[in-house]
$ cat entry_35.txt   # compact mmCIF, C-alpha atoms
# COMPACT_ATOMS: atom_id res chain seq x y z
CA MET R 1319 3.25 -66.03 -64.16
CA ILE R 1320 6.84 -66.17 -62.94
CA THR R 1321 9.45 -67.03 -65.55
CA LEU R 1322 12.96 -68.17 -64.63
CA TYR R 1323 15.74 -68.23 -67.20
CA GLY R 1324 18.72 -70.46 -66.50
CA ILE R 1325 19.76 -74.06 -65.91
CA LYS R 1326 20.44 -75.95 -62.73
CA TRP R 1327 24.19 -76.10 -63.54
CA SER R 1328 24.46 -72.39 -62.76
CA ARG R 1329 23.47 -69.94 -60.04
CA ALA R 1330 19.91 -70.56 -61.16
CA ASN R 1331 20.05 -73.63 -58.91
CA TYR R 1332 19.78 -71.32 -55.88
CA VAL R 1333 16.54 -69.89 -57.31
CA LEU R 1334 15.11 -73.27 -58.34
CA PHE R 1335 15.54 -74.38 -54.72
CA THR R 1336 13.67 -71.32 -53.46
CA LEU R 1337 10.85 -71.71 -55.97
CA ALA R 1338 10.46 -75.35 -54.96
CA GLU R 1339 10.41 -74.52 -51.23
CA LEU R 1340 7.69 -71.96 -51.83
CA GLY R 1341 5.68 -74.27 -54.10
CA LEU R 1342 5.39 -71.58 -56.74
CA ASP R 1343 4.26 -72.26 -60.30
CA PHE R 1344 6.67 -70.90 -62.85
CA GLN R 1345 7.81 -71.23 -66.41
CA HIS R 1346 11.38 -72.51 -66.73
CA VAL R 1347 13.27 -71.35 -69.82
CA LYS R 1348 16.54 -73.26 -69.92
CA ILE R 1349 19.07 -70.71 -71.05
CA ASN R 1350 22.54 -72.27 -70.91
CA PRO R 1351 25.17 -69.67 -69.97
CA PHE R 1352 27.82 -71.78 -71.71
CA GLU R 1353 26.04 -71.77 -75.07
CA GLU R 1354 25.36 -69.14 -77.70
CA GLU R 1355 21.66 -69.02 -76.77
CA LYS R 1356 22.54 -66.62 -73.98
CA ASN R 1357 23.26 -64.02 -76.67
CA ALA R 1358 19.84 -64.24 -78.31
CA PRO R 1359 18.53 -60.67 -78.82
CA ASP R 1360 15.33 -61.30 -76.84
CA TYR R 1361 17.31 -62.59 -73.89
CA LEU R 1362 19.82 -59.74 -74.02
CA LYS R 1363 16.92 -57.32 -73.59
CA LEU R 1364 16.26 -58.97 -70.23
CA ASN R 1365 19.88 -59.51 -69.19
CA PRO R 1366 22.37 -57.39 -71.16
CA LEU R 1367 25.27 -59.25 -69.51
CA ALA R 1368 24.05 -62.51 -71.07
CA GLN R 1369 24.17 -64.22 -67.70
CA VAL R 1370 21.77 -66.38 -65.71
CA PRO R 1371 19.57 -66.46 -63.79
CA THR R 1372 17.00 -63.89 -64.81
CA LEU R 1373 13.56 -63.75 -63.22
CA VAL R 1374 10.50 -62.11 -64.73
CA ASP R 1375 7.52 -61.60 -62.43
CA GLY R 1376 4.89 -59.39 -64.00
CA ASP R 1377 6.59 -56.13 -64.90
CA LEU R 1378 9.65 -56.91 -62.80
CA VAL R 1379 12.81 -58.15 -64.50
CA LEU R 1380 15.43 -59.13 -61.94
CA THR R 1381 18.93 -60.53 -62.29
CA GLU R 1382 21.49 -61.79 -59.73
CA ALA R 1383 20.59 -65.01 -57.92
CA MET R 1384 20.83 -63.65 -54.38
CA ALA R 1385 18.66 -60.64 -55.19
CA ILE R 1386 16.10 -62.91 -56.83
CA ASN R 1387 16.04 -65.17 -53.78
CA PHE R 1388 15.59 -62.24 -51.41
CA TYR R 1389 12.73 -60.93 -53.55
CA LEU R 1390 10.93 -64.27 -53.81
CA SER R 1391 11.34 -64.97 -50.10
CA ARG R 1392 9.97 -61.60 -49.02
CA LYS R 1393 7.11 -61.47 -51.52
CA TYR R 1394 5.93 -65.07 -51.45
CA GLY R 1395 7.45 -66.61 -48.36
CA ALA R 1396 7.81 -63.97 -45.68
CA GLU R 1397 6.55 -66.33 -43.00
CA LYS R 1398 8.45 -69.31 -44.34
CA LEU R 1399 11.86 -68.22 -45.64
CA TRP R 1400 12.29 -64.73 -44.17
CA ALA R 1401 12.61 -63.37 -40.65
CA ASN R 1402 10.34 -61.15 -38.57
CA ARG R 1403 13.01 -59.19 -36.71
CA LEU R 1404 15.27 -56.64 -38.38
CA GLU R 1405 18.24 -58.13 -36.55
CA ASP R 1406 17.53 -61.56 -38.03
CA GLU R 1407 16.95 -60.06 -41.46
CA ALA R 1408 20.42 -58.55 -41.25
CA GLN R 1409 21.79 -62.01 -40.46
CA ILE R 1410 20.11 -63.42 -43.58
CA TYR R 1411 21.96 -60.83 -45.65
CA LYS R 1412 25.19 -61.42 -43.76
CA TRP R 1413 25.36 -65.18 -44.25
CA SER R 1414 24.20 -64.99 -47.85
CA PHE R 1415 26.90 -62.47 -48.71
CA PHE R 1416 29.42 -64.42 -46.63
CA ALA R 1417 28.77 -67.44 -48.85
CA LEU R 1418 28.98 -65.35 -52.00
CA THR R 1419 32.04 -63.26 -51.22
CA GLN R 1420 34.11 -65.57 -49.02
CA MET R 1421 33.50 -68.98 -50.58
CA GLU R 1422 31.73 -69.09 -53.93
CA ALA R 1423 34.71 -68.47 -56.19
CA SER R 1424 36.76 -71.18 -54.49
CA CYS R 1425 33.85 -73.63 -54.53
CA VAL R 1426 33.34 -73.05 -58.24
CA ASP R 1427 37.06 -73.51 -58.91
CA LEU R 1428 36.89 -76.91 -57.20
CA VAL R 1429 34.01 -78.24 -59.25
CA LEU R 1430 35.47 -76.89 -62.49
CA HIS R 1431 38.95 -78.30 -61.99
CA ARG R 1432 37.90 -81.61 -60.47
CA LYS R 1433 34.76 -82.45 -62.42
CA VAL R 1434 33.67 -80.15 -65.23
CA PHE R 1435 36.84 -79.47 -67.20
CA ALA R 1436 38.50 -82.11 -69.33
CA ALA R 1437 41.52 -83.67 -67.61
CA LYS R 1438 43.96 -81.74 -69.78
CA ASP R 1439 42.44 -78.43 -68.68
CA ARG R 1440 42.41 -79.10 -64.94
CA ASN R 1441 44.88 -77.17 -62.86
CA PRO R 1442 45.94 -78.75 -59.55
CA ASP R 1443 47.43 -75.44 -58.39
CA ILE R 1444 44.02 -73.81 -58.63
CA VAL R 1445 42.49 -76.69 -56.66
CA GLN R 1446 45.12 -76.36 -53.94
CA SER R 1447 44.64 -72.60 -53.74
CA ALA R 1448 40.86 -72.94 -53.57
CA GLU R 1449 41.03 -75.46 -50.73
CA LYS R 1450 43.39 -73.20 -48.79
CA LYS R 1451 41.12 -70.18 -49.25
CA LEU R 1452 38.16 -72.13 -47.86
CA ILE R 1453 39.85 -73.02 -44.57
CA LYS R 1454 39.17 -69.82 -42.64
CA PRO R 1455 35.58 -69.17 -43.77
CA LEU R 1456 34.67 -72.81 -43.16
CA GLU R 1457 36.15 -72.59 -39.66
CA VAL R 1458 33.99 -69.52 -39.01
CA LEU R 1459 30.90 -71.24 -40.40
CA ASN R 1460 31.61 -74.45 -38.51
CA ASN R 1461 31.87 -72.56 -35.22
CA HIS R 1462 28.66 -70.68 -35.93
CA LEU R 1463 26.78 -73.93 -36.57
CA THR R 1464 27.74 -75.47 -33.23
CA GLY R 1465 24.46 -76.63 -31.72
CA LYS R 1466 22.47 -75.15 -34.62
CA ASP R 1467 20.50 -76.67 -37.47
CA PHE R 1468 20.12 -73.40 -39.37
CA LEU R 1469 22.02 -70.17 -39.88
CA VAL R 1470 19.50 -67.63 -38.63
CA ALA R 1471 16.80 -67.44 -35.93
CA ASN R 1472 16.71 -71.21 -35.37
CA LYS R 1473 14.61 -71.67 -38.54
CA PHE R 1474 15.12 -72.57 -42.17
CA THR R 1475 15.47 -69.39 -44.22
CA VAL R 1476 16.66 -68.28 -47.63
CA ALA R 1477 20.11 -67.85 -46.07
CA ASP R 1478 20.32 -71.63 -45.80
CA ILE R 1479 19.32 -72.01 -49.45
CA ASN R 1480 22.00 -69.55 -50.50
CA MET R 1481 24.70 -71.08 -48.32
CA ALA R 1482 23.97 -74.66 -49.34
CA GLY R 1483 23.82 -73.66 -52.98
CA VAL R 1484 27.33 -72.22 -52.81
CA LEU R 1485 28.78 -75.12 -50.83
CA SER R 1486 27.21 -77.66 -53.17
CA TYR R 1487 29.78 -76.65 -55.78
CA ALA R 1488 32.58 -77.71 -53.45
CA LEU R 1489 30.73 -80.93 -52.71
CA GLY R 1490 30.54 -81.59 -56.44
CA GLY R 1491 34.25 -80.82 -56.57
CA LYS R 1492 34.95 -83.62 -54.07
CA PHE R 1493 35.94 -81.28 -51.26
CA ASP R 1494 36.45 -83.09 -47.95
CA PHE R 1495 34.11 -81.51 -45.41
CA SER R 1496 34.93 -84.05 -42.69
CA PRO R 1497 37.20 -81.66 -40.72
CA TYR R 1498 34.20 -79.35 -40.45
CA LYS R 1499 31.70 -81.68 -38.82
CA ASN R 1500 29.02 -79.07 -38.16
CA VAL R 1501 29.16 -77.85 -41.75
CA ALA R 1502 29.04 -81.41 -43.10
CA ARG R 1503 26.00 -82.22 -40.95
CA TYR R 1504 24.28 -78.98 -41.90
CA LEU R 1505 24.98 -79.31 -45.61
CA ASP R 1506 23.71 -82.87 -45.75
CA ALA R 1507 20.47 -81.86 -44.03
CA ILE R 1508 19.80 -78.86 -46.26
CA LEU R 1509 20.62 -80.64 -49.52
CA SER R 1510 18.41 -83.58 -48.48
CA ARG R 1511 15.28 -81.45 -48.34
CA PRO R 1512 12.57 -82.54 -50.80
CA ALA R 1513 12.55 -79.09 -52.43
CA ARG R 1514 16.26 -79.33 -53.19
CA ARG R 1515 15.76 -82.71 -54.80
CA LYS R 1516 12.90 -81.29 -56.85
CA ALA R 1517 15.14 -78.42 -57.96
CA GLU R 1518 17.85 -80.88 -58.98
CA ALA R 1519 15.37 -82.60 -61.26
CA ALA R 1520 14.39 -79.36 -63.01

$ encode --input "entry_35.txt" --output "structure tokens"
Amino acid sequence: MITLYGIKWSRANYVLFTLAELGLDFQHVKINPFEEEKNAPDYLKLNPLAQVPTLVDGDLVLTEAMAINFYLSRKYGAEKLWANRLEDEAQIYKWSFFALTQMEASCVDLVLHRKVFAAKDRNPDIVQSAEKKLIKPLEVLNNHLTGKDFLVANKFTVADINMAGVLSYALGGKFDFSPYKNVARYLDAILSRPARRKAEAA
């Protein structure tokens, strides 16, 4: 039995999406990274950093959302969420890490300072900086998506799950995607998938 630790209001949402797409049965232990429960001794044995998500599959204990998604996709969904060619596999890694390294921090800043934090704790300078930092990577992504429905090999892959998961933070932070029409179209399509909606209900 697969066990996932984490809540949907964290990077665990990327993994919940993947599990739903693959139709896998799993136990969901809702560890909140913002509460003291993350420091429970039993959980710290699995994830000494007291972070989420953590996946347990048999003897395997795996942390880091992207790594978990790569693992699940290759083990349980090679024909569905992975790619057959090495060149396409490299593109899955590329776009996943592009989302993580080029955009995630800014997307998280937007949702924190426009939605999550109390009004007194919101910093408009951080919002402005985050929006500025997103301009170039979103231009690159928008160009790449010209005439495309998916990021890699003209098929839905785990790269799309990872990318949409990251960008969903900015969407929650009321970011205006309208200047990036290809990204807006793409994001709406990916986040409208039944598996994503199932993950949101977890």

$ residues_around --input "entry_35.txt" --residues "Phe1352 (chain R)" --least-positions-apart "3" --cutoff "10 Å" --atoms "only C-alpha atoms" --output "VMD selection string"
chain R and resid 1327 to 1328 1349 1355 to 1356 1369

$ atom_distance --input "entry_35.txt" --atom1 "CA of Gly1341 (chain R)" --atom2 "CA of Ala1519 (chain R)"
14.6 Å

$ closest_residue --input "entry_35.txt" --among "R:Ile1479, R:Leu1469, R:Gly1490, R:Leu1337" --to "Val1434 (chain R)" --atoms "all atoms listed in the file"
R:Gly1490

$ atom_distance --input "entry_35.txt" --atom1 "CA of Leu1373 (chain R)" --atom2 "CA of Val1484 (chain R)"
19.2 Å

$ closest_residue --input "entry_35.txt" --among "R:Lys1499, R:Arg1329, R:Arg1392, R:Arg1403" --to "Met1481 (chain R)" --atoms "only C-alpha atoms"
R:Arg1329

$ residues_around --input "entry_35.txt" --residues "Ala1368 (chain R)" --least-positions-apart "3" --cutoff "10 Å" --atoms "all atoms listed in the file" --output "list in words"
Ile1349, Asn1350, Pro1351, Glu1354, Glu1355, Lys1356, Asn1357, Ala1358, Pro1359, Tyr1361, Leu1362, Lys1363, Leu1364, Asn1365, Pro1371 and Thr1372 of chain R

$ closest_atom_pairs --input "entry_35.txt" --of "region 1428-1475 of chain R" --to "region 1417-1422 of chain R" --cutoff "12 Å" --atoms "only C-alpha atoms" --output "JSON lines"
{"residue": "R:Leu1428", "atom": "CA", "partner": "R:Glu1422", "partner_atom": "CA", "distance": 9.9}
{"residue": "R:Val1429", "atom": "CA", "partner": "R:Glu1422", "partner_atom": "CA", "distance": 10.8}
{"residue": "R:Ala1448", "atom": "CA", "partner": "R:Met1421", "partner_atom": "CA", "distance": 8.9}
{"residue": "R:Glu1449", "atom": "CA", "partner": "R:Met1421", "partner_atom": "CA", "distance": 9.9}
{"residue": "R:Lys1450", "atom": "CA", "partner": "R:Met1421", "partner_atom": "CA", "distance": 10.9}
{"residue": "R:Lys1451", "atom": "CA", "partner": "R:Met1421", "partner_atom": "CA", "distance": 7.8}
{"residue": "R:Leu1452", "atom": "CA", "partner": "R:Met1421", "partner_atom": "CA", "distance": 6.2}
{"residue": "R:Ile1453", "atom": "CA", "partner": "R:Met1421", "partner_atom": "CA", "distance": 9.6}
{"residue": "R:Lys1454", "atom": "CA", "partner": "R:Gln1420", "partner_atom": "CA", "distance": 9.2}
{"residue": "R:Pro1455", "atom": "CA", "partner": "R:Gln1420", "partner_atom": "CA", "distance": 6.5}
{"residue": "R:Leu1456", "atom": "CA", "partner": "R:Met1421", "partner_atom": "CA", "distance": 8.4}
{"residue": "R:Glu1457", "atom": "CA", "partner": "R:Met1421", "partner_atom": "CA", "distance": 11.8}
{"residue": "R:Val1458", "atom": "CA", "partner": "R:Gln1420", "partner_atom": "CA", "distance": 10.8}
{"residue": "R:Leu1459", "atom": "CA", "partner": "R:Ala1417", "partner_atom": "CA", "distance": 9.5}
{"residue": "R:Leu1469", "atom": "CA", "partner": "R:Ala1417", "partner_atom": "CA", "distance": 11.6}

$ write_last_selection --input "entry_35.txt" --atoms "C-alpha atoms" --output "PDB file, in the coordinates of the input"
ATOM      1  CA  LEU R1428      36.890 -76.910 -57.200  1.00  0.00           C
ATOM      2  CA  VAL R1429      34.010 -78.240 -59.250  1.00  0.00           C
ATOM      3  CA  ALA R1448      40.860 -72.940 -53.570  1.00  0.00           C
ATOM      4  CA  GLU R1449      41.030 -75.460 -50.730  1.00  0.00           C
ATOM      5  CA  LYS R1450      43.390 -73.200 -48.790  1.00  0.00           C
ATOM      6  CA  LYS R1451      41.120 -70.180 -49.250  1.00  0.00           C
ATOM      7  CA  LEU R1452      38.160 -72.130 -47.860  1.00  0.00           C
ATOM      8  CA  ILE R1453      39.850 -73.020 -44.570  1.00  0.00           C
ATOM      9  CA  LYS R1454      39.170 -69.820 -42.640  1.00  0.00           C
ATOM     10  CA  PRO R1455      35.580 -69.170 -43.770  1.00  0.00           C
ATOM     11  CA  LEU R1456      34.670 -72.810 -43.160  1.00  0.00           C
ATOM     12  CA  GLU R1457      36.150 -72.590 -39.660  1.00  0.00           C
ATOM     13  CA  VAL R1458      33.990 -69.520 -39.010  1.00  0.00           C
ATOM     14  CA  LEU R1459      30.900 -71.240 -40.400  1.00  0.00           C
ATOM     15  CA  LEU R1469      22.020 -70.170 -39.880  1.00  0.00           C
TER      16      LEU R1469
END

$ closest_residue --input "entry_35.txt" --among "R:Tyr1394, R:Tyr1323, R:Phe1435, R:Tyr1411" --to "Gly1491 (chain R)" --atoms "all atoms listed in the file"
R:Phe1435

$ closest_residue --input "entry_35.txt" --among "R:Cys1425, R:Gln1446, R:Ala1437, R:Trp1413" --to "His1462 (chain R)" --atoms "all atoms listed in the file"
R:Trp1413

$ atom_distance --input "entry_35.txt" --atom1 "CA of Asp1343 (chain R)" --atom2 "CA of Ile1386 (chain R)"
15.5 Å

$ residues_around --input "entry_35.txt" --residues "region 1505-1513 of chain R" --least-positions-apart "4" --cutoff "12 Å" --atoms "all atoms listed in the file" --output "PyMOL selection string"
chain R and resi 1331-1342+1456+1459-1460+1463+1466-1469+1473-1489+1495-1496+1498-1501+1517-1520

$ closest_residue --input "entry_35.txt" --among "R:Gln1409, R:Thr1321, R:Thr1464, R:Ser1414" --to "Ala1385 (chain R)" --atoms "all atoms listed in the file"
R:Ser1414

$ closest_residue --input "entry_35.txt" --among "R:Ala1396, R:Met1319, R:Leu1430, R:Ala1330" --to "Ile1444 (chain R)" --atoms "all atoms listed in the file"
R:Leu1430
